[in-house]
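Trainee: My structure file work-v1.cif, mmCIF, C-alpha atoms, is below:
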```cif
data_upload
#
loop_
_atom_site.label_atom_id
_atom_site.label_comp_id
_atom_site.auth_asym_id
_atom_site.auth_seq_id
_atom_site.Cartn_x
_atom_site.Cartn_y
_atom_site.Cartn_z
CA MET A 1 -32.48 3.82 -10.08
CA SER A 2 -30.68 4.64 -13.34
CA VAL A 3 -29.32 1.81 -15.48
CA PRO A 4 -25.71 3.13 -15.31
CA LEU A 5 -25.92 3.18 -11.51
CA LEU A 6 -27.37 -0.33 -11.51
CA LEU A 7 -24.48 -1.57 -13.69
CA THR A 8 -22.00 -0.02 -11.25
CA LEU A 9 -23.80 -1.73 -8.36
CA LEU A 10 -23.64 -5.11 -10.08
CA ALA A 11 -19.96 -4.70 -11.00
CA GLY A 12 -19.01 -3.80 -7.44
CA GLY A 13 -21.24 -6.52 -6.02
CA ALA A 14 -19.24 -9.17 -7.90
CA THR A 15 -16.62 -8.78 -5.16
CA PHE A 16 -18.96 -10.67 -2.85
CA ILE A 17 -18.88 -13.66 -5.20
CA GLY A 18 -15.12 -13.92 -4.73
CA ALA A 19 -15.50 -13.33 -0.99
CA PHE A 20 -18.02 -16.15 -0.74
CA LEU A 21 -15.67 -18.49 -2.60
CA GLY A 22 -12.90 -17.48 -0.21
CA ILE A 23 -14.80 -18.60 2.91
CA ILE A 24 -16.33 -21.82 1.62
CA GLY A 25 -12.99 -23.16 0.45
CA GLN A 26 -13.99 -23.87 -3.14
CA LYS A 27 -11.34 -21.65 -4.67
CA PRO A 28 -10.95 -21.45 -8.43
CA SER A 29 -7.68 -22.84 -9.74
CA PRO A 30 -4.83 -20.40 -10.48
CA ARG A 31 -5.22 -21.23 -14.18
CA ALA A 32 -8.90 -20.25 -14.11
CA LEU A 33 -8.15 -17.01 -12.24
CA ALA A 34 -5.35 -16.14 -14.65
CA PHE A 35 -7.60 -16.73 -17.67
CA ALA A 36 -10.39 -14.64 -16.11
CA LEU A 37 -8.03 -11.72 -15.48
CA GLY A 38 -6.71 -11.93 -19.04
CA PHE A 39 -10.28 -12.13 -20.35
CA ALA A 40 -11.21 -8.97 -18.41
CA ALA A 41 -8.11 -7.20 -19.75
CA GLY A 42 -9.08 -8.14 -23.32
CA ILE A 43 -12.56 -6.73 -22.89
CA MET A 44 -11.20 -3.48 -21.44
CA LEU A 45 -8.55 -3.06 -24.14
CA LEU A 46 -10.94 -3.60 -27.04
CA ILE A 47 -13.65 -1.35 -25.65
CA SER A 48 -11.19 1.39 -24.67
CA LEU A 49 -9.26 1.56 -27.95
CA MET A 50 -11.92 0.54 -30.48
CA GLU A 51 -15.05 2.10 -28.98
CA MET A 52 -14.54 4.59 -26.13
CA LEU A 53 -11.63 6.62 -27.53
CA PRO A 54 -13.11 6.89 -31.07
CA ALA A 55 -16.49 7.86 -29.59
CA ALA A 56 -14.83 10.55 -27.47
CA LEU A 57 -12.96 11.95 -30.47
CA GLU A 58 -16.18 12.07 -32.51
CA THR A 59 -18.00 14.09 -29.85
CA PRO A 60 -19.25 17.40 -31.31
CA GLY A 61 -16.92 20.20 -30.22
CA MET A 62 -14.13 17.83 -29.16
CA SER A 63 -10.73 18.69 -30.68
CA PRO A 64 -8.28 15.84 -31.42
CA LEU A 65 -5.71 17.54 -29.19
CA MET A 66 -8.09 17.58 -26.24
CA GLY A 67 -9.29 14.03 -26.87
CA TYR A 68 -5.85 12.47 -27.10
CA GLY A 69 -4.61 14.74 -24.33
CA MET A 70 -7.29 13.42 -21.96
CA PHE A 71 -6.46 9.85 -23.00
CA ILE A 72 -2.80 10.40 -22.09
CA ALA A 73 -3.87 12.14 -18.89
CA GLY A 74 -5.84 9.02 -17.96
CA LEU A 75 -2.80 6.82 -18.64
CA LEU A 76 -0.44 8.99 -16.62
CA GLY A 77 -2.98 9.56 -13.87
CA TYR A 78 -3.38 5.83 -13.37
CA PHE A 79 0.37 5.26 -13.04
CA VAL A 80 0.77 8.17 -10.62
CA LEU A 81 -2.08 6.90 -8.45
CA ASP A 82 -0.79 3.34 -8.72
CA ARG A 83 2.62 4.35 -7.37
CA LEU A 84 1.15 6.32 -4.47
CA LEU A 85 -1.22 3.62 -3.20
CA PRO A 86 -0.42 0.57 -1.07
CA HIS A 87 0.29 -2.13 -3.61
CA HIS A 88 -0.50 -5.65 -2.44
CA HIS A 89 -1.48 -8.47 -4.76
CA PRO A 90 -3.15 -11.83 -4.12
CA GLN A 91 0.19 -13.61 -4.54
CA ASP A 92 1.54 -11.47 -1.67
CA LEU A 93 -0.77 -13.46 0.59
CA MET A 94 0.76 -16.80 -0.33
CA GLY A 95 3.39 -18.50 1.77
CA GLY A 96 3.85 -19.34 5.42
CA LYS A 97 2.66 -16.17 7.07
CA SER A 98 1.27 -16.14 10.58
CA PRO A 99 -2.43 -15.37 11.07
CA ARG A 100 -1.56 -11.92 12.45
CA ASN A 101 0.54 -11.10 9.38
CA LEU A 102 -2.16 -12.48 7.13
CA ARG A 103 -4.74 -10.22 8.75
CA ARG A 104 -2.54 -7.12 8.39
CA THR A 105 -1.72 -7.92 4.77
CA ALA A 106 -5.37 -8.60 3.94
CA MET A 107 -6.37 -5.25 5.47
CA LEU A 108 -3.69 -3.44 3.46
CA LEU A 109 -4.86 -5.25 0.34
CA THR A 110 -8.44 -4.16 1.08
CA LEU A 111 -7.29 -0.55 1.36
CA GLY A 112 -5.34 -0.69 -1.89
CA ILE A 113 -8.11 -2.41 -3.83
CA SER A 114 -10.74 0.00 -2.45
CA LEU A 115 -8.74 3.03 -3.54
CA HIS A 116 -8.34 1.49 -6.99
CA ASN A 117 -12.02 0.53 -7.22
CA PHE A 118 -13.41 3.98 -6.42
CA PRO A 119 -12.39 5.49 -9.79
CA GLU A 120 -13.48 2.27 -11.49
CA GLY A 121 -16.99 2.93 -10.19
CA ILE A 122 -16.85 6.44 -11.63
CA ALA A 123 -15.59 5.04 -14.94
CA THR A 124 -18.38 2.46 -15.15
CA PHE A 125 -21.09 5.03 -14.43
CA VAL A 126 -19.74 7.69 -16.80
CA THR A 127 -19.24 5.20 -19.63
CA ALA A 128 -22.71 3.69 -19.24
CA SER A 129 -24.25 7.17 -19.09
CA SER A 130 -22.66 8.08 -22.41
CA ASP A 131 -23.12 4.71 -24.15
CA LEU A 132 -25.10 1.95 -22.44
CA GLU A 133 -23.62 -0.78 -24.63
CA LEU A 134 -20.04 0.20 -23.76
CA GLY A 135 -21.04 0.58 -20.13
CA MET A 136 -22.30 -3.00 -20.06
CA GLY A 137 -18.98 -4.20 -21.47
CA ILE A 138 -16.96 -2.26 -18.92
CA ALA A 139 -19.23 -3.45 -16.10
CA LEU A 140 -18.72 -7.06 -17.22
CA ALA A 141 -14.93 -6.68 -17.32
CA VAL A 142 -14.86 -4.98 -13.92
CA ALA A 143 -17.12 -7.64 -12.42
CA ILE A 144 -14.88 -10.45 -13.73
CA HIS A 145 -11.74 -9.05 -12.16
CA ASN A 146 -13.55 -8.11 -8.94
CA ILE A 147 -14.17 -11.81 -8.21
CA PRO A 148 -10.50 -12.75 -7.62
CA GLU A 149 -10.08 -9.50 -5.67
CA GLY A 150 -12.82 -10.55 -3.24
CA LEU A 151 -11.27 -14.01 -3.03
CA ALA A 152 -7.83 -12.53 -2.33
CA VAL A 153 -9.08 -10.61 0.70
CA ALA A 154 -11.65 -13.01 2.16
CA GLY A 155 -9.49 -16.14 2.11
CA PRO A 156 -6.59 -14.80 4.19
CA MET A 157 -8.88 -12.81 6.49
CA TYR A 158 -10.91 -15.95 7.20
CA ALA A 159 -7.70 -17.89 7.85
CA ALA A 160 -6.46 -15.19 10.21
CA THR A 161 -9.63 -14.57 12.22
CA GLY A 162 -11.71 -17.72 11.77
CA SER A 163 -14.73 -15.46 11.25
CA LYS A 164 -16.71 -15.67 8.01
CA LYS A 165 -18.52 -12.44 8.86
CA LYS A 166 -15.26 -10.50 9.19
CA ALA A 167 -13.95 -12.03 5.98
CA LEU A 168 -17.08 -11.01 4.08
CA PHE A 169 -17.03 -7.55 5.67
CA TRP A 170 -13.46 -6.72 4.71
CA ALA A 171 -13.76 -8.19 1.24
CA GLY A 172 -17.05 -6.38 0.70
CA LEU A 173 -15.49 -3.00 1.52
CA SER A 174 -13.56 -3.01 -1.74
CA GLY A 175 -16.76 -3.64 -3.69
CA ILE A 176 -18.60 -0.95 -1.73
CA ALA A 177 -15.85 1.52 -2.66
CA GLU A 178 -16.65 0.91 -6.33
CA ILE A 179 -20.35 1.45 -5.73
CA ALA A 180 -19.51 4.65 -3.83
CA GLY A 181 -17.59 5.88 -6.87
CA GLY A 182 -20.64 5.34 -9.05
CA LEU A 183 -22.87 7.12 -6.53
CA CYS A 184 -20.53 10.12 -6.43
CA ALA A 185 -20.60 10.30 -10.21
CA PHE A 186 -24.40 10.01 -10.16
CA LEU A 187 -24.88 12.72 -7.51
CA LEU A 188 -22.13 15.18 -8.38
CA MET A 189 -21.06 14.72 -11.98
CA GLY A 190 -24.17 13.69 -13.87
CA PRO A 191 -26.04 17.03 -13.88
CA LEU A 192 -22.86 18.99 -14.70
CA LEU A 193 -21.52 17.00 -17.65
CA SER A 194 -21.84 18.59 -21.08
CA LEU A 195 -21.25 16.59 -24.27
CA VAL A 196 -17.67 17.81 -24.55
CA MET A 197 -16.98 17.17 -20.88
CA MET A 198 -18.52 13.70 -21.16
CA GLY A 199 -16.29 12.97 -24.16
CA ALA A 200 -13.22 14.22 -22.30
CA VAL A 201 -14.02 12.05 -19.29
CA MET A 202 -14.60 9.07 -21.58
CA ALA A 203 -11.19 9.58 -23.23
CA ALA A 204 -9.53 9.73 -19.80
CA VAL A 205 -11.40 6.62 -18.68
CA ALA A 206 -10.17 4.82 -21.82
CA GLY A 207 -6.61 5.70 -20.81
CA ILE A 208 -7.19 4.44 -17.27
CA MET A 209 -8.64 1.16 -18.54
CA VAL A 210 -5.72 0.57 -20.93
CA ALA A 211 -3.21 1.22 -18.14
CA LEU A 212 -5.14 -1.01 -15.74
CA SER A 213 -5.17 -3.86 -18.25
CA VAL A 214 -1.49 -3.63 -19.19
CA ASP A 215 0.00 -2.77 -15.80
CA GLU A 216 -2.30 -4.63 -13.41
CA LEU A 217 -4.46 -7.38 -14.86
CA MET A 218 -2.03 -9.02 -17.29
CA PRO A 219 1.00 -9.08 -14.93
CA LEU A 220 -1.25 -10.27 -12.11
CA ALA A 221 -2.52 -13.13 -14.28
CA ARG A 222 1.09 -14.11 -14.99
CA ASP A 223 2.01 -13.99 -11.29
CA ILE A 224 -0.95 -16.10 -10.21
CA ALA A 225 -0.23 -18.84 -12.78
CA PRO A 226 3.32 -18.50 -14.20
CA ASP A 227 2.81 -21.49 -16.49
CA VAL A 228 -0.24 -19.91 -18.17
CA ASN A 229 0.08 -17.36 -20.97
CA PRO A 230 -2.36 -14.51 -20.11
CA SER A 231 -2.46 -13.59 -23.80
CA TYR A 232 -4.92 -16.45 -24.40
CA GLY A 233 -7.42 -14.88 -22.02
CA VAL A 234 -6.78 -11.42 -23.49
CA LEU A 235 -7.39 -12.62 -27.05
CA CYS A 236 -10.52 -14.52 -26.02
CA GLY A 237 -11.88 -11.45 -24.20
CA MET A 238 -11.26 -9.24 -27.22
CA THR A 239 -12.80 -11.80 -29.57
CA VAL A 240 -15.94 -12.33 -27.51
CA MET A 241 -16.51 -8.62 -26.94
CA GLY A 242 -15.74 -7.78 -30.59
CA LEU A 243 -18.20 -10.38 -31.84
CA SER A 244 -20.89 -9.25 -29.41
CA LEU A 245 -20.51 -5.61 -30.50
CA THR A 246 -20.62 -6.66 -34.16
CA LEU A 247 -23.78 -8.70 -33.64
CA LEU A 248 -25.45 -5.83 -31.81
CA GLU A 249 -24.57 -3.40 -34.60
CA SER A 250 -25.77 -5.86 -37.28
CA ALA A 251 -29.06 -6.26 -35.45
CA GLY A 252 -29.48 -2.50 -35.24
CA LEU A 253 -29.34 -2.51 -31.45
CA SER A 254 -26.19 -0.43 -31.20
#
```
Please rewrite the model in this file as structure tokens.

Mentor:
Amino acid sequence: MSVPLLLTLLAGGATFIGAFLGIIGQKPSPRALAFALGFAAGIMLLISLMEMLPAALETPGMSPLMGYGMFIAGLLGYFVLDRLLPHHHPQDLMGGKSPRNLRRTAMLLTLGISLHNFPEGIATFVTASSDLELGMGIALAVAIHNIPEGLAVAGPMYAATGSKKKALFWAGLSGIAEIAGGLCAFLLMGPLLSLVMMGAVMAAVAGIMVALSVDELMPLARDIAPDVNPSYGVLCGMTVMGLSLTLLESAGLS
């Protein structure tokens, strides 16, 4: 198994960590979830703008117009897809809903998260295939924000059905969708990607990650814990990832 595919598998598998937390009742506090989402957003923003986009623009044969055009296409593509998909958040599952309503909402949330996670799996695989170091960073950020996603589905589903197996199954589907995205990229895209095409895809992925961080992760962190400033998590994520990249470059491992 290739390392990029393994990273995609690990990132998607993190959903099961959140699902497990959702059925054993030891849920992280809203403050911890909000910080984790901000931290993931910080990692994605720094890698996308400071590493992925510059690397794409420096690809031999890549014109600035094409590079920035693909970045904007990734931004716009995310927002178009985001508006077309069912949009349910963990905070939508709060409140005095009946078990039947909880089950329906959790299933809709699973569908929405799965459709969002599929391109994330593609992004993780493509990025890791082009630059393993950046791929590890993206996989870490994706894994961090997959944990509260698994928690958001498993908790309400368990409350609605009383079945831990069903809760794990439905929560796991969203993680499997991400793994499926990586597999599709591995089977269909890998052999066909030239250097220029790889750079173009990387620029588009950078746009998707920026949009995901700004439109999804940061507002979601604010909604989960209104009294917590998600900027703290964002700044910590950027600092940690920036320092790690600097240390790797100084050691000659990058």

Trainee: Please provide as a PyMOL selection string all residues within 9 Å of Ala221 of chain A, with the sequence filter that same-chain residues fewer than 6 positions apart are discarded (counting only C-alpha atoms).

Mentor: chain A and resi 30-31+33-38+228-230

Trainee: Please write as a VMD selection string the full residue list that the PyMOL selection byres ((chain A and resi 202) around 8) yields on this file.

Mentor: chain A and resid 52 to 53 56 123 126 to 127 198 to 201 203 to 206

Trainee: Mind writing the picked residues with C-alpha atoms as a PDB file, in the coordinates of the input?

Mentor:
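Listed below is the output, out.pdb:
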```pdb
ATOM      1  CA  MET A  52     -14.540   4.590 -26.130  1.00  0.00           C
ATOM      2  CA  LEU A  53     -11.630   6.620 -27.530  1.00  0.00           C
ATOM      3  CA  ALA A  56     -14.830  10.550 -27.470  1.00  0.00           C
ATOM      4  CA  ALA A 123     -15.590   5.040 -14.940  1.00  0.00           C
ATOM      5  CA  VAL A 126     -19.740   7.690 -16.800  1.00  0.00           C
ATOM      6  CA  THR A 127     -19.240   5.200 -19.630  1.00  0.00           C
ATOM      7  CA  MET A 198     -18.520  13.700 -21.160  1.00  0.00           C
ATOM      8  CA  GLY A 199     -16.290  12.970 -24.160  1.00  0.00           C
ATOM      9  CA  ALA A 200     -13.220  14.220 -22.300  1.00  0.00           C
ATOM     10  CA  VAL A 201     -14.020  12.050 -19.290  1.00  0.00           C
ATOM     11  CA  ALA A 203     -11.190   9.580 -23.230  1.00  0.00           C
ATOM     12  CA  ALA A 204      -9.530   9.730 -19.800  1.00  0.00           C
ATOM     13  CA  VAL A 205     -11.400   6.620 -18.680  1.00  0.00           C
ATOM     14  CA  ALA A 206     -10.170   4.820 -21.820  1.00  0.00           C
TER      15      ALA A 206
END
```

Trainee: Expand the PyMOL selection byres ((chain A and resi 179) around 8) into the individual residues it matches in the shown file, reporting them as a PDB file with C-alpha atoms, in the frame of the given file.

Mentor:
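The new file expr-v9.pdb reads:
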```pdb
ATOM      1  CA  THR A   8     -22.000  -0.020 -11.250  1.00  0.00           C
ATOM      2  CA  LEU A   9     -23.800  -1.730  -8.360  1.00  0.00           C
ATOM      3  CA  GLY A  12     -19.010  -3.800  -7.440  1.00  0.00           C
ATOM      4  CA  PHE A 118     -13.410   3.980  -6.420  1.00  0.00           C
ATOM      5  CA  GLY A 121     -16.990   2.930 -10.190  1.00  0.00           C
ATOM      6  CA  GLY A 175     -16.760  -3.640  -3.690  1.00  0.00           C
ATOM      7  CA  ILE A 176     -18.600  -0.950  -1.730  1.00  0.00           C
ATOM      8  CA  ALA A 177     -15.850   1.520  -2.660  1.00  0.00           C
ATOM      9  CA  GLU A 178     -16.650   0.910  -6.330  1.00  0.00           C
ATOM     10  CA  ALA A 180     -19.510   4.650  -3.830  1.00  0.00           C
ATOM     11  CA  GLY A 181     -17.590   5.880  -6.870  1.00  0.00           C
ATOM     12  CA  GLY A 182     -20.640   5.340  -9.050  1.00  0.00           C
ATOM     13  CA  LEU A 183     -22.870   7.120  -6.530  1.00  0.00           C
TER      14      LEU A 183
END
```

Trainee: Please write as an NGL selection string the full residue list that the PyMOL selection byres ((chain A and resi 212) around 10) yields on this file.

Mentor: :A and (41 or 44-45 or 75 or 78-79 or 82 or 116 or 120 or 206-211 or 213-218)

Trainee: Under the rule that all atoms listed in the file are counted, which of A:Gly233, A:Gly172, A:Pro4, A:Gly77 is the nearest residue to Val153 of chain A?

Mentor: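 For Val153 of chain A, the nearest of the candidates is A:Gly172.
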
Trainee: From the options A:Gly61, A:Pro219, A:Gly18, A:Pro54, which residue's atoms come nearest to Ser174 of chain A, counting only C-alpha atoms?

Mentor: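 Ranked by minimum distance to Ser174 of chain A, first place goes to A:Gly18.
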
Trainee: To one decimal in Å, tell me the separation between atom CA of Gly74 of chain A and atom CA of Cys184 of chain A.

Mentor: 18.7 Å

Trainee: Would you please work out which residue, of A:Ile23, A:Met66, A:Ile144, A:Leu245, is nearest to Lys164 of chain A when using all atoms listed in the file?

Mentor: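 Between A:Ile23, A:Met66, A:Ile144, A:Leu245, the residue approaching Lys164 of chain A most closely is A:Ile23.
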
Trainee: Do you have the atom CA of Ala171 of chain A-atom CA of His145 of chain A distance handy?

Mentor: 13.6 Å

Trainee: Take every atom of segment 73-86 of chain A listed in the file, pad by 4 Å on each side, and give me the axis-aligned box centre and edge lengths in Å, one decimal, as JSON.

Mentor:
```
{"center_x": -1.6, "center_y": 6.4, "center_z": -10.0, "size_x": 16.5, "size_y": 19.6, "size_z": 25.8}
```

Trainee: Let me make sure I understand: among A:Met50, A:Leu76, A:Leu220, A:Ala14, which one has the smallest atom-to-atom distance to Leu134 of chain A if we use all atoms listed in the file?

Mentor: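 Once distances to Leu134 of chain A are computed over all atoms listed in the file, the minimum belongs to A:Met50.
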
Trainee: Identify which of the residues A:Leu247, A:Ser29, A:Ala225, A:Phe39 lies closest to Leu151 of chain A, counting only C-alpha atoms when measuring atom-to-atom distances.

Mentor: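 Looking only at the distances to Leu151 of chain A, the closest residue turns out to be A:Ser29.
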
Trainee: Just want the 7 Å neighbourhood of Val142 of chain A, counted on only C-alpha atoms, with same-chain residues fewer than 4 positions away dropped. Output as a count of residues only.

Mentor: 3

Trainee: Using only C-alpha atoms, which residue out of A:Ser48, A:Thr15, A:Ser163, A:Ser194 lies closest to Gly242 of chain A?

Mentor: A:Ser48

Trainee: As an exercise, work out the distance from atom CA of Ala55 of chain A to atom CA of Leu235 of chain A in Å and give it to one decimal place.

Mentor: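 Answer for the atom CA of Ala55 of chain A to atom CA of Leu235 of chain A separation: 22.6 Å.
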